[in-house]
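J.: Coordinates in start_12.csv, CSV, C-alpha atoms, are listed below.
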chain,number,residue,atom,x,y,z
J,1,MET,CA,-21.9,-24.8,-46.9
J,2,HIS,CA,-24.9,-23.2,-45.2
J,3,ILE,CA,-26.1,-20.4,-47.5
J,4,ALA,CA,-27.5,-17.9,-45.0
J,5,GLU,CA,-31.2,-17.1,-44.8
J,6,GLY,CA,-32.4,-14.7,-47.5
J,7,PHE,CA,-29.0,-14.9,-49.3
J,8,LEU,CA,-30.4,-16.6,-52.5
J,9,PRO,CA,-32.6,-14.5,-54.8
J,10,PRO,CA,-36.2,-15.8,-54.6
J,11,ALA,CA,-36.2,-17.5,-58.1
J,12,HIS,CA,-33.0,-19.5,-57.1
J,13,ALA,CA,-34.4,-20.4,-53.7
J,14,VAL,CA,-37.6,-21.7,-55.3
J,15,ALA,CA,-35.7,-23.6,-58.1
J,16,TRP,CA,-33.4,-25.4,-55.6
J,17,GLY,CA,-36.4,-26.2,-53.4
J,18,VAL,CA,-38.2,-27.7,-56.4
J,19,ALA,CA,-35.1,-29.7,-57.4
J,20,SER,CA,-34.6,-31.1,-53.9
J,21,ALA,CA,-38.3,-31.9,-53.0
J,22,PRO,CA,-38.6,-35.2,-55.0
J,23,PHE,CA,-35.3,-36.5,-53.5
J,24,VAL,CA,-36.6,-35.9,-50.0
J,25,VAL,CA,-40.0,-37.4,-50.7
J,26,HIS,CA,-38.4,-40.4,-52.2
J,27,GLY,CA,-36.1,-40.6,-49.2
J,28,VAL,CA,-38.9,-40.5,-46.8
J,29,ARG,CA,-40.5,-43.5,-48.6
J,30,SER,CA,-37.2,-45.4,-48.5
J,31,LEU,CA,-36.8,-44.6,-44.9
J,32,THR,CA,-40.3,-45.8,-43.9
J,33,ARG,CA,-39.9,-48.9,-46.0
J,34,GLU,CA,-36.5,-49.7,-44.4
J,35,VAL,CA,-38.0,-49.2,-40.9
J,36,LYS,CA,-41.0,-51.3,-41.7
J,37,GLU,CA,-39.1,-54.2,-43.3
J,38,HIS,CA,-36.1,-54.2,-40.9
J,39,PRO,CA,-37.2,-52.7,-37.6
J,40,GLU,CA,-33.9,-53.8,-36.2
J,41,SER,CA,-32.1,-51.2,-38.4
J,42,THR,CA,-33.8,-48.3,-36.6
J,43,LEU,CA,-31.0,-48.1,-34.1
J,44,LEU,CA,-28.3,-47.9,-36.8
J,45,LEU,CA,-30.4,-45.4,-38.7
J,46,GLY,CA,-30.4,-43.3,-35.6
J,47,ALA,CA,-26.7,-43.7,-35.2
J,48,SER,CA,-26.2,-42.5,-38.8
J,49,GLY,CA,-28.3,-39.5,-38.2
J,50,ALA,CA,-26.5,-38.8,-35.0
J,51,PHE,CA,-23.1,-38.9,-36.8
J,52,THR,CA,-24.4,-36.2,-39.1
J,53,PHE,CA,-25.5,-34.2,-36.1
J,54,VAL,CA,-22.2,-34.4,-34.4
J,55,LEU,CA,-20.0,-33.7,-37.5
J,56,SER,CA,-22.1,-30.8,-38.8
J,57,ALA,CA,-21.8,-29.1,-35.4
J,58,LEU,CA,-18.0,-29.4,-35.3
J,59,LYS,CA,-16.5,-26.2,-36.6
J,60,LEU,CA,-12.9,-26.9,-37.3
J,61,PRO,CA,-10.0,-24.5,-38.3
J,62,SER,CA,-8.5,-25.1,-41.7
J,63,VAL,CA,-5.4,-24.2,-43.6
J,64,THR,CA,-7.0,-21.1,-45.2
J,65,GLY,CA,-7.3,-19.5,-41.8
J,66,SER,CA,-11.0,-19.8,-41.6
J,67,CYS,CA,-13.3,-22.4,-40.0
J,68,SER,CA,-15.8,-24.8,-41.5
J,69,HIS,CA,-17.5,-28.0,-40.6
J,70,PRO,CA,-17.7,-31.5,-42.0
J,71,THR,CA,-21.1,-32.9,-43.1
J,72,GLY,CA,-21.1,-36.5,-41.8
J,73,THR,CA,-23.4,-37.7,-44.6
J,74,GLY,CA,-21.0,-40.2,-46.2
J,75,LEU,CA,-21.4,-42.9,-43.4
J,76,GLY,CA,-25.2,-43.1,-43.8
J,77,ALA,CA,-25.0,-43.1,-47.6
J,78,ILE,CA,-22.6,-46.0,-47.5
J,79,LEU,CA,-24.7,-47.9,-45.0
J,80,PHE,CA,-28.2,-47.2,-46.1
J,81,ARG,CA,-27.8,-45.8,-49.6
J,82,PRO,CA,-28.2,-42.0,-50.4
J,83,PRO,CA,-32.0,-41.6,-50.4
J,84,ILE,CA,-32.1,-42.2,-46.7
J,85,MET,CA,-29.5,-39.5,-46.2
J,86,ALA,CA,-31.7,-37.0,-48.1
J,87,VAL,CA,-34.0,-37.3,-45.1
J,88,LEU,CA,-31.5,-37.4,-42.3
J,89,GLY,CA,-29.5,-34.5,-43.8
J,90,THR,CA,-32.7,-32.4,-44.2
J,91,ILE,CA,-33.5,-33.0,-40.5
J,92,THR,CA,-30.1,-31.8,-39.5
J,93,LEU,CA,-30.4,-28.7,-41.7
J,94,LEU,CA,-33.8,-27.9,-40.4
J,95,PHE,CA,-32.6,-28.1,-36.8
J,96,GLN,CA,-29.8,-25.6,-37.7
J,97,ALA,CA,-32.0,-23.3,-39.7
J,98,LEU,CA,-34.7,-23.1,-37.0
J,99,LEU,CA,-32.7,-23.0,-33.8
J,100,LEU,CA,-29.2,-21.8,-34.7
J,101,ALA,CA,-30.0,-19.3,-37.5
J,102,HIS,CA,-27.5,-21.3,-39.4
J,103,GLY,CA,-28.6,-21.7,-43.0
J,104,GLY,CA,-32.3,-20.8,-43.4
J,105,LEU,CA,-35.7,-21.8,-44.6
J,106,THR,CA,-35.5,-19.9,-47.9
J,107,THR,CA,-32.1,-21.5,-48.6
J,108,LEU,CA,-33.1,-24.9,-47.2
J,109,GLY,CA,-33.7,-26.3,-50.7
J,110,ALA,CA,-30.3,-25.3,-51.9
J,111,ASN,CA,-28.6,-26.5,-48.8
J,112,VAL,CA,-30.5,-29.8,-48.9
J,113,PHE,CA,-29.4,-30.2,-52.5
J,114,SER,CA,-25.7,-29.8,-51.7
J,115,MET,CA,-25.5,-31.6,-48.3
J,116,ALA,CA,-28.3,-34.1,-48.3
J,117,ILE,CA,-28.4,-35.1,-52.0
J,118,VAL,CA,-25.3,-34.4,-54.1
J,119,GLY,CA,-22.9,-35.2,-51.2
J,120,PRO,CA,-24.3,-38.6,-50.3
J,121,TRP,CA,-24.7,-39.6,-53.9
J,122,ALA,CA,-21.1,-38.6,-54.9
J,123,GLY,CA,-19.7,-40.3,-51.8
J,124,TYR,CA,-21.8,-43.4,-52.4
J,125,ALA,CA,-20.8,-43.5,-56.1
J,126,ILE,CA,-17.0,-43.4,-55.4
J,127,TYR,CA,-17.4,-45.9,-52.6
J,128,LYS,CA,-19.3,-48.4,-54.9
J,129,LEU,CA,-16.8,-47.8,-57.7
J,130,LEU,CA,-13.8,-48.5,-55.5
J,131,ARG,CA,-15.5,-51.6,-54.0
J,132,ARG,CA,-16.1,-52.9,-57.5
J,133,TYR,CA,-12.4,-52.9,-58.2
J,134,ASP,CA,-11.8,-54.7,-54.9
J,135,VAL,CA,-10.3,-51.8,-53.1
J,136,PRO,CA,-10.2,-52.6,-49.3
J,137,LEU,CA,-13.4,-51.6,-47.4
J,138,MET,CA,-11.8,-48.9,-45.2
J,139,VAL,CA,-10.0,-47.2,-48.2
J,140,ALA,CA,-13.3,-47.1,-50.1
J,141,VAL,CA,-15.1,-45.7,-46.9
J,142,PHE,CA,-12.5,-43.0,-46.5
J,143,PHE,CA,-12.8,-41.8,-50.1
J,144,GLY,CA,-16.6,-42.1,-49.9
J,145,ALA,CA,-16.8,-39.8,-46.9
J,146,PHE,CA,-14.1,-37.5,-48.2
J,147,LEU,CA,-15.9,-36.9,-51.5
J,148,ALA,CA,-19.4,-36.6,-49.8
J,149,ASP,CA,-17.9,-33.8,-47.8
J,150,LEU,CA,-15.9,-32.0,-50.5
J,151,SER,CA,-18.6,-32.3,-53.2
J,152,THR,CA,-21.1,-30.7,-50.9
J,153,TYR,CA,-19.0,-27.5,-50.7
J,154,CYS,CA,-18.3,-27.5,-54.4
J,155,VAL,CA,-22.0,-27.6,-55.0
J,156,THR,CA,-22.5,-24.7,-52.6
J,157,SER,CA,-19.9,-22.7,-54.6
J,158,VAL,CA,-21.7,-23.4,-57.9
J,159,GLN,CA,-25.0,-22.4,-56.3
J,160,LEU,CA,-23.6,-19.1,-55.1
J,161,ALA,CA,-21.8,-18.4,-58.4
J,162,LEU,CA,-25.0,-19.0,-60.3
J,163,ALA,CA,-26.9,-16.6,-58.1
J,164,PHE,CA,-24.1,-14.0,-58.0
J,165,PRO,CA,-22.0,-14.0,-61.1
J,166,ASP,CA,-19.1,-11.6,-61.0
J,167,PRO,CA,-19.9,-8.3,-62.9
J,168,SER,CA,-16.6,-8.5,-64.8
J,169,SER,CA,-15.5,-12.1,-64.8
J,170,GLY,CA,-18.9,-13.7,-64.8
J,171,PHE,CA,-20.0,-17.1,-63.5
J,172,LEU,CA,-16.4,-18.6,-63.6
J,173,GLY,CA,-14.9,-15.6,-61.8
J,174,ALA,CA,-17.5,-15.9,-59.0
J,175,LEU,CA,-17.0,-19.7,-58.9
J,176,GLY,CA,-13.3,-19.1,-58.3
J,177,LYS,CA,-14.1,-16.7,-55.6
J,178,PHE,CA,-16.6,-18.9,-53.8
J,179,GLY,CA,-14.6,-22.0,-54.5
J,180,SER,CA,-11.5,-20.6,-52.8
J,181,ILE,CA,-13.7,-19.8,-49.7
J,182,PHE,CA,-15.4,-23.1,-49.5
J,183,ALA,CA,-13.7,-25.9,-51.4
J,184,VAL,CA,-10.1,-25.1,-50.5
J,185,THR,CA,-11.0,-24.6,-46.8
J,186,GLN,CA,-12.8,-27.9,-46.9
J,187,ILE,CA,-10.0,-30.2,-48.2
J,188,PRO,CA,-8.4,-30.9,-44.8
J,189,LEU,CA,-11.8,-31.1,-43.2
J,190,ALA,CA,-12.8,-33.7,-45.7
J,191,VAL,CA,-9.7,-35.7,-44.8
J,192,SER,CA,-10.8,-35.4,-41.1
J,193,GLU,CA,-14.3,-36.5,-42.0
J,194,GLY,CA,-12.9,-39.5,-44.0
J,195,LEU,CA,-10.8,-40.6,-41.0
J,196,LEU,CA,-13.7,-40.2,-38.5
J,197,THR,CA,-16.0,-42.2,-40.8
J,198,VAL,CA,-13.3,-44.9,-41.1
J,199,LEU,CA,-13.1,-44.9,-37.3
J,200,VAL,CA,-16.9,-45.3,-36.9
J,201,MET,CA,-17.0,-48.0,-39.6
J,202,ARG,CA,-14.2,-49.9,-37.8
J,203,LEU,CA,-16.2,-49.8,-34.6
J,204,LEU,CA,-19.3,-51.0,-36.5
J,205,VAL,CA,-17.3,-53.9,-38.0
J,206,GLN,CA,-16.2,-54.8,-34.5
J,207,SER,CA,-19.7,-54.5,-33.0
J,208,SER,CA,-22.3,-55.1,-35.7
J,209,LYS,CA,-21.1,-57.7,-38.2
J,210,GLY,CA,-24.5,-59.1,-38.7
J,211,GLU,CA,-26.1,-55.7,-39.5
J,212,LEU,CA,-23.3,-54.8,-41.9
J,213,THR,CA,-23.6,-58.1,-43.7
J,214,ARG,CA,-27.4,-57.6,-44.1
J,215,LEU,CA,-26.7,-54.1,-45.5
J,216,GLY,CA,-24.2,-55.5,-48.0
J,217,VAL,CA,-21.2,-53.5,-46.5
J,218,LEU,CA,-19.6,-56.8,-45.4
J,219,LEU,CA,-20.0,-59.7,-47.7
J,220,ALA,CA,-20.9,-63.1,-46.3
J,221,LYS,CA,-18.8,-64.6,-49.1
J,222,LYS,CA,-15.8,-62.6,-48.0
J,223,GLN,CA,-16.0,-63.7,-44.4
J,224,SER,CA,-16.0,-67.4,-45.5
J,225,ARG,CA,-13.0,-66.6,-47.7
J,226,THR,CA,-11.0,-65.2,-44.8
J,227,GLU,CA,-12.0,-68.1,-42.7
J,228,SER,CA,-10.7,-70.6,-45.3
J,229,GLU,CA,-7.6,-68.5,-45.5
J,230,ALA,CA,-7.2,-68.8,-41.8
J,231,VAL,CA,-7.7,-72.6,-42.1
J,232,ALA,CA,-5.1,-72.8,-44.9
J,233,ARG,CA,-2.5,-71.1,-42.7
K,234,MET,CA,-3.8,-52.4,-25.8
K,235,SER,CA,-5.0,-54.4,-28.8
K,236,ARG,CA,-4.0,-53.5,-32.3
K,237,ASN,CA,-7.5,-52.4,-33.1
K,238,THR,CA,-7.6,-49.9,-30.3
K,239,LYS,CA,-4.2,-48.6,-31.3
K,240,ILE,CA,-5.4,-47.9,-34.9
K,241,ASN,CA,-8.6,-46.3,-33.6
K,242,LEU,CA,-6.6,-44.0,-31.3
K,243,LEU,CA,-4.2,-43.2,-34.1
K,244,LEU,CA,-7.1,-42.1,-36.3
K,245,LEU,CA,-8.3,-39.8,-33.5
K,246,VAL,CA,-4.8,-38.3,-33.1
K,247,VAL,CA,-4.5,-37.5,-36.8
K,248,VAL,CA,-7.9,-35.8,-36.8
K,249,ALA,CA,-6.9,-33.8,-33.7
K,250,ALA,CA,-3.6,-32.9,-35.4
K,251,LEU,CA,-5.4,-31.7,-38.6
K,252,ALA,CA,-7.5,-29.4,-36.4
K,253,VAL,CA,-4.7,-28.1,-34.2
K,254,LEU,CA,-2.0,-27.5,-36.9
K,255,PRO,CA,-3.7,-24.6,-38.7
K,256,LEU,CA,-3.9,-22.9,-35.2
K,257,ALA,CA,-0.4,-23.8,-34.1
K,258,LEU,CA,1.1,-22.7,-37.4
K,259,GLY,CA,-0.7,-19.4,-37.3
K,260,LEU,CA,-2.3,-19.9,-40.7
K,261,GLY,CA,-5.0,-17.3,-39.8
K,262,ASP,CA,-2.5,-14.6,-39.1
K,263,HIS,CA,-2.9,-12.9,-42.5
K,264,LYS,CA,-6.5,-12.1,-41.7
K,265,GLU,CA,-8.0,-9.3,-39.8
K,266,GLN,CA,-10.2,-11.8,-38.0
K,267,PRO,CA,-8.6,-15.2,-38.1
K,268,PHE,CA,-10.7,-18.4,-38.2
K,269,THR,CA,-14.1,-16.9,-38.9
K,270,GLY,CA,-16.7,-19.2,-40.5
K,271,SER,CA,-16.5,-19.8,-44.2
K,272,ASP,CA,-20.3,-19.3,-44.4
K,273,GLY,CA,-19.9,-15.8,-43.1
K,274,GLU,CA,-17.0,-15.2,-45.6
K,275,ALA,CA,-19.3,-16.2,-48.4
K,276,GLU,CA,-21.8,-13.6,-47.3
K,277,THR,CA,-19.1,-11.0,-47.4
K,278,ALA,CA,-18.1,-12.2,-50.9
K,279,ILE,CA,-21.7,-11.8,-52.0
K,280,THR,CA,-21.9,-8.2,-50.8
K,281,GLU,CA,-18.6,-7.6,-52.6
K,282,ILE,CA,-19.9,-8.9,-55.9
K,283,GLU,CA,-23.4,-7.3,-55.5
K,284,PRO,CA,-23.1,-4.4,-53.0
K,285,ASP,CA,-26.8,-3.7,-53.4
K,286,TYR,CA,-28.0,-7.1,-52.4
K,287,GLU,CA,-30.3,-7.1,-49.5
K,288,PRO,CA,-31.3,-10.5,-47.8
K,289,TRP,CA,-35.0,-10.7,-48.4
K,290,PHE,CA,-35.8,-12.9,-45.5
K,291,SER,CA,-34.4,-13.0,-42.0
K,292,PRO,CA,-34.3,-16.0,-39.6
K,293,LEU,CA,-37.4,-16.7,-37.6
K,294,TYR,CA,-35.3,-17.2,-34.5
K,295,GLU,CA,-31.8,-15.9,-33.9
K,296,PRO,CA,-29.8,-16.9,-30.8
K,297,PRO,CA,-29.5,-13.6,-28.9
K,298,SER,CA,-25.8,-13.9,-28.2
K,299,GLY,CA,-22.7,-15.9,-29.2
K,300,GLU,CA,-22.9,-17.8,-25.9
K,301,ILE,CA,-26.5,-19.0,-26.6
K,302,GLU,CA,-25.5,-19.9,-30.1
K,303,SER,CA,-22.5,-22.0,-29.0
K,304,ALA,CA,-24.7,-23.6,-26.3
K,305,LEU,CA,-27.1,-24.7,-29.1
K,306,PHE,CA,-24.3,-26.0,-31.2
K,307,SER,CA,-23.0,-27.9,-28.2
K,308,LEU,CA,-26.5,-29.3,-27.7
K,309,GLN,CA,-26.5,-30.5,-31.3
K,310,ALA,CA,-23.2,-32.2,-30.9
K,311,ALA,CA,-24.1,-33.7,-27.5
K,312,LEU,CA,-27.4,-35.1,-28.8
K,313,GLY,CA,-25.5,-36.8,-31.7
K,314,ALA,CA,-22.7,-38.1,-29.5
K,315,GLY,CA,-25.2,-39.4,-26.9
K,316,VAL,CA,-27.1,-41.4,-29.5
K,317,LEU,CA,-23.8,-42.8,-31.0
K,318,ALA,CA,-22.6,-43.8,-27.5
K,319,TYR,CA,-25.9,-45.4,-26.7
K,320,TYR,CA,-25.7,-47.4,-29.9
K,321,PHE,CA,-22.2,-48.7,-29.3
K,322,GLY,CA,-22.8,-49.3,-25.6
K,323,LEU,CA,-25.9,-51.3,-26.4
K,324,ARG,CA,-24.1,-53.4,-29.0
K,325,ARG,CA,-21.2,-54.2,-26.7
K,326,GLY,CA,-23.5,-55.0,-23.8
K,327,ARG,CA,-25.6,-57.3,-26.0
K,328,ARG,CA,-22.6,-59.2,-27.3
K,329,GLN,CA,-21.2,-59.6,-23.8
K,330,GLY,CA,-24.6,-60.9,-22.6
K,331,GLU,CA,-24.7,-63.3,-25.4
K,332,GLU,CA,-21.2,-64.6,-24.7
K,333,ARG,CA,-22.1,-65.0,-21.0
K,334,ALA,CA,-25.3,-66.9,-21.8
K,335,LEU,CA,-23.4,-69.2,-24.1
K,336,GLU,CA,-20.8,-69.9,-21.4
K,337,ARG,CA,-23.5,-70.7,-19.0
K,338,LEU,CA,-25.1,-73.0,-21.5
K,339,GLY,CA,-21.7,-74.6,-22.2
K,340,GLY,CA,-21.2,-75.3,-18.5
K,341,ALA,CA,-24.7,-76.8,-18.0
K,342,LYS,CA,-25.0,-79.0,-21.1
K,343,SER,CA,-22.7,-81.4,-22.9
K,344,ALA,CA,-24.4,-80.2,-26.1
K,345,ALA,CA,-22.6,-76.9,-25.8
K,346,GLY,CA,-20.7,-77.4,-29.0
K,347,ARG,CA,-23.9,-77.6,-31.0
K,348,VAL,CA,-25.2,-74.4,-29.4
K,349,ALA,CA,-22.0,-72.6,-30.1
K,350,GLU,CA,-22.3,-73.6,-33.7
K,351,GLU,CA,-25.8,-72.3,-34.0
K,352,SER,CA,-25.1,-69.0,-32.4
K,353,PRO,CA,-23.5,-67.1,-35.3
K,354,ALA,CA,-26.6,-67.8,-37.4
K,355,GLU,CA,-28.8,-66.4,-34.7
K,356,ARG,CA,-26.7,-63.3,-34.4
K,357,SER,CA,-27.0,-62.4,-38.1
Take the structure in the file and give it back as C-alpha cells.
T.:
Amino acid sequence: MHIAEGFLPPAHAVAWGVASAPFVVHGVRSLTREVKEHPESTLLLGASGAFTFVLSALKLPSVTGSCSHPTGTGLGAILFRPPIMAVLGTITLLFQALLLAHGGLTTLGANVFSMAIVGPWAGYAIYKLLRRYDVPLMVAVFFGAFLADLSTYCVTSVQLALAFPDPSSGFLGALGKFGSIFAVTQIPLAVSEGLLTVLVMRLLVQSSKGELTRLGVLLAKKQSRTESEAVAR
Amino acid sequence: MSRNTKINLLLLVVVAALAVLPLALGLGDHKEQPFTGSDGEAETAITEIEPDYEPWFSPLYEPPSGEIESALFSLQAALGAGVLAYYFGLRRGRRQGEERALERLGGAKSAAGRVAEESPAERS
C-alpha cells in the first residue's frame, strides 16, 4: 500500500496531506489525553504500536504470485479506538519513508490516509457492529483486523486510480488494474493478519484482563455472567 | 499442553501455511520475476498508464543495497517483536509475583481468605 516517493502528482499529494492532517492532530490529542489520564496504558499503547511495526515489516507471498505486507492497525483500533492509530500508523510510515525508502514524504499524506485512518476506522466499525449483535469477541476481532487490512489496500487502489486514470477506460479501468495488484493480493494476507490479531488478543485476554475491561473490550458484566453460569453448572 | 496453548499454536500454523502455500504451489511461476512487491508492481502499472510520468521527488535516503534494506526491515520487525515480548513477559512476571505474594500472605495469616477476595479488585 506504500505509494512510492514522488509517485503522486503534487496536487494529489497535497490534497491527501490536507485530508490526513486533522486526523493525525486529533489523534495526537487523544494519545496525550490517554497517557495523561491512564499512565498505566502506556505499555499497552507501546505494544499496539509494536504490533504495527512487526506486521508492516513482514512481506508475505500471496496467491497472485507477488508479495505484500499486512498493516497491523486493527489491534490498536479495537483496543484504543482509531484516532490513536492515526498517530501510531503515521510513526510507522515515517520510519519506513525515512529509513527504508519505502513509501515517501510526498506520499505520506496519502499513505497515512489509507493505512492509519481509513483502515483503523473500517476495522473498528465492523468490530463494533459485530459486537453489538453479540458476535463472539474473537470473531469480531478477526473481521475487524481483516477489514482494517483489506480496506487500506482498497483505498490505495482508489488513490492511484484517481491520480492515474486509464487513457481509454478511465478511472474504473485504472481502479480494476490497481485493485487487481493490491486488493486481490491482500485477501490471504488480511486473513493472516486477522488470525495474528486474534492470537495477540487471546494472549491479552489471558494476561491483561483488567486492562481490557477498562478499555471496554471485555465487559465486567459479561465476566459476572460467565461466573454465574459456572456456578449454575 | 493446555487447550489455550494448542489453539494459539494452531493459529500460528495456519498463518505459516498461508504464507508457504503460494510458494509451494508455485503460484508465482507465471511471472518473469515471481513474488516481487505489490508496491513495485503498482509503480510499473503507473508507467504503463502514463509512460511520461516522472517521479518529481526522490527519497532523501535510500538503502544502498538490498542487503542493507533487508537489514533495516529486520530491525523494524525486531524492534516491534522486542516491545511485544517485553509487554507479555512483564505481564506474566507481575501476575506470578502477585500469586506468590498472595500465597505467602495466605500462609502467614488466617485472614488469607479476605485478602484473596480483595485481590481481583486491586488487579483491575
J.: Which residue out of J:Gly210, J:Gly216, J:Pro82, J:Gly46 has the minimum interatomic distance to chain K when all atoms listed in the file are used?
T.: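 Checking each of J:Gly210, J:Gly216, J:Pro82, J:Gly46 against chain K, counting all atoms listed in the file, the winner is J:Gly210.
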J.: How many Å lie between CA of Phe53 in chain J and CA of Arg325 in chain K, rounded to one decimal?
T.: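 These two atoms are separated by 22.5 Å.
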J.: For chain J, which residues have at least one atom within 7 Å of chain K, if we go by all atoms listed in the file? Write them as an mmCIF file with C-alpha atoms, in the coordinates of the input, please.
T.:
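Generated file (iface.cif):
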data_model
loop_
_atom_site.group_PDB
_atom_site.id
_atom_site.type_symbol
_atom_site.label_atom_id
_atom_site.label_comp_id
_atom_site.auth_asym_id
_atom_site.auth_seq_id
_atom_site.Cartn_x
_atom_site.Cartn_y
_atom_site.Cartn_z
ATOM 1 C CA MET J 1 -21.900 -24.800 -46.900
ATOM 2 C CA HIS J 2 -24.900 -23.200 -45.200
ATOM 3 C CA ILE J 3 -26.100 -20.400 -47.500
ATOM 4 C CA GLU J 5 -31.200 -17.100 -44.800
ATOM 5 C CA GLY J 6 -32.400 -14.700 -47.500
ATOM 6 C CA PHE J 7 -29.000 -14.900 -49.300
ATOM 7 C CA LEU J 43 -31.000 -48.100 -34.100
ATOM 8 C CA ALA J 47 -26.700 -43.700 -35.200
ATOM 9 C CA ALA J 50 -26.500 -38.800 -35.000
ATOM 10 C CA PHE J 51 -23.100 -38.900 -36.800
ATOM 11 C CA PHE J 53 -25.500 -34.200 -36.100
ATOM 12 C CA VAL J 54 -22.200 -34.400 -34.400
ATOM 13 C CA ALA J 57 -21.800 -29.100 -35.400
ATOM 14 C CA LEU J 60 -12.900 -26.900 -37.300
ATOM 15 C CA PRO J 61 -10.000 -24.500 -38.300
ATOM 16 C CA SER J 62 -8.500 -25.100 -41.700
ATOM 17 C CA VAL J 63 -5.400 -24.200 -43.600
ATOM 18 C CA THR J 64 -7.000 -21.100 -45.200
ATOM 19 C CA GLY J 65 -7.300 -19.500 -41.800
ATOM 20 C CA SER J 66 -11.000 -19.800 -41.600
ATOM 21 C CA CYS J 67 -13.300 -22.400 -40.000
ATOM 22 C CA SER J 68 -15.800 -24.800 -41.500
ATOM 23 C CA LEU J 98 -34.700 -23.100 -37.000
ATOM 24 C CA LEU J 99 -32.700 -23.000 -33.800
ATOM 25 C CA LEU J 100 -29.200 -21.800 -34.700
ATOM 26 C CA ALA J 101 -30.000 -19.300 -37.500
ATOM 27 C CA GLY J 104 -32.300 -20.800 -43.400
ATOM 28 C CA PHE J 164 -24.100 -14.000 -58.000
ATOM 29 C CA ASP J 166 -19.100 -11.600 -61.000
ATOM 30 C CA PHE J 178 -16.600 -18.900 -53.800
ATOM 31 C CA ILE J 181 -13.700 -19.800 -49.700
ATOM 32 C CA PHE J 182 -15.400 -23.100 -49.500
ATOM 33 C CA PRO J 188 -8.400 -30.900 -44.800
ATOM 34 C CA SER J 192 -10.800 -35.400 -41.100
ATOM 35 C CA LEU J 195 -10.800 -40.600 -41.000
ATOM 36 C CA LEU J 199 -13.100 -44.900 -37.300
ATOM 37 C CA SER J 207 -19.700 -54.500 -33.000
ATOM 38 C CA GLY J 210 -24.500 -59.100 -38.700
ATOM 39 C CA GLU J 211 -26.100 -55.700 -39.500
#
J.: State, in Å with one decimal place, the distance from CA of Thr92 in chain J to CA of Leu44 in chain J.
T.: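 These atoms are spaced 16.4 Å apart.
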J.: For a quick check of understanding, using all atoms listed in the file, which of J:Thr156, J:Ser30, J:Ser151, J:Ser48 has the smallest distance to Ala77 in chain J?
T.: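 Smallest separation from Ala77 in chain J among the options: J:Ser48.
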J.: One number please: CA of Leu93 in chain J to CA of Ala148 in chain J, in Å, one decimal.
T.: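 CA of Ala148 in chain J lies at a distance of 15.8 Å from CA of Leu93 in chain J.
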J.: Which residues are near Val28 in chain J? Cut-off 10 Å, only C-alpha atoms, ignore same chain within fewer than 3 positions. Put them as a ChimeraX atom specification.
T.: /J:22-25,31-34,83-88
J.: Calculated over only C-alpha atoms, which of the candidates J:Gln186, J:Ile117, J:Leu150, J:Val139 has the smallest distance to His26 in chain J?
T.: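 Of the candidates, the smallest distance to His26 in chain J is held by J:Ile117.
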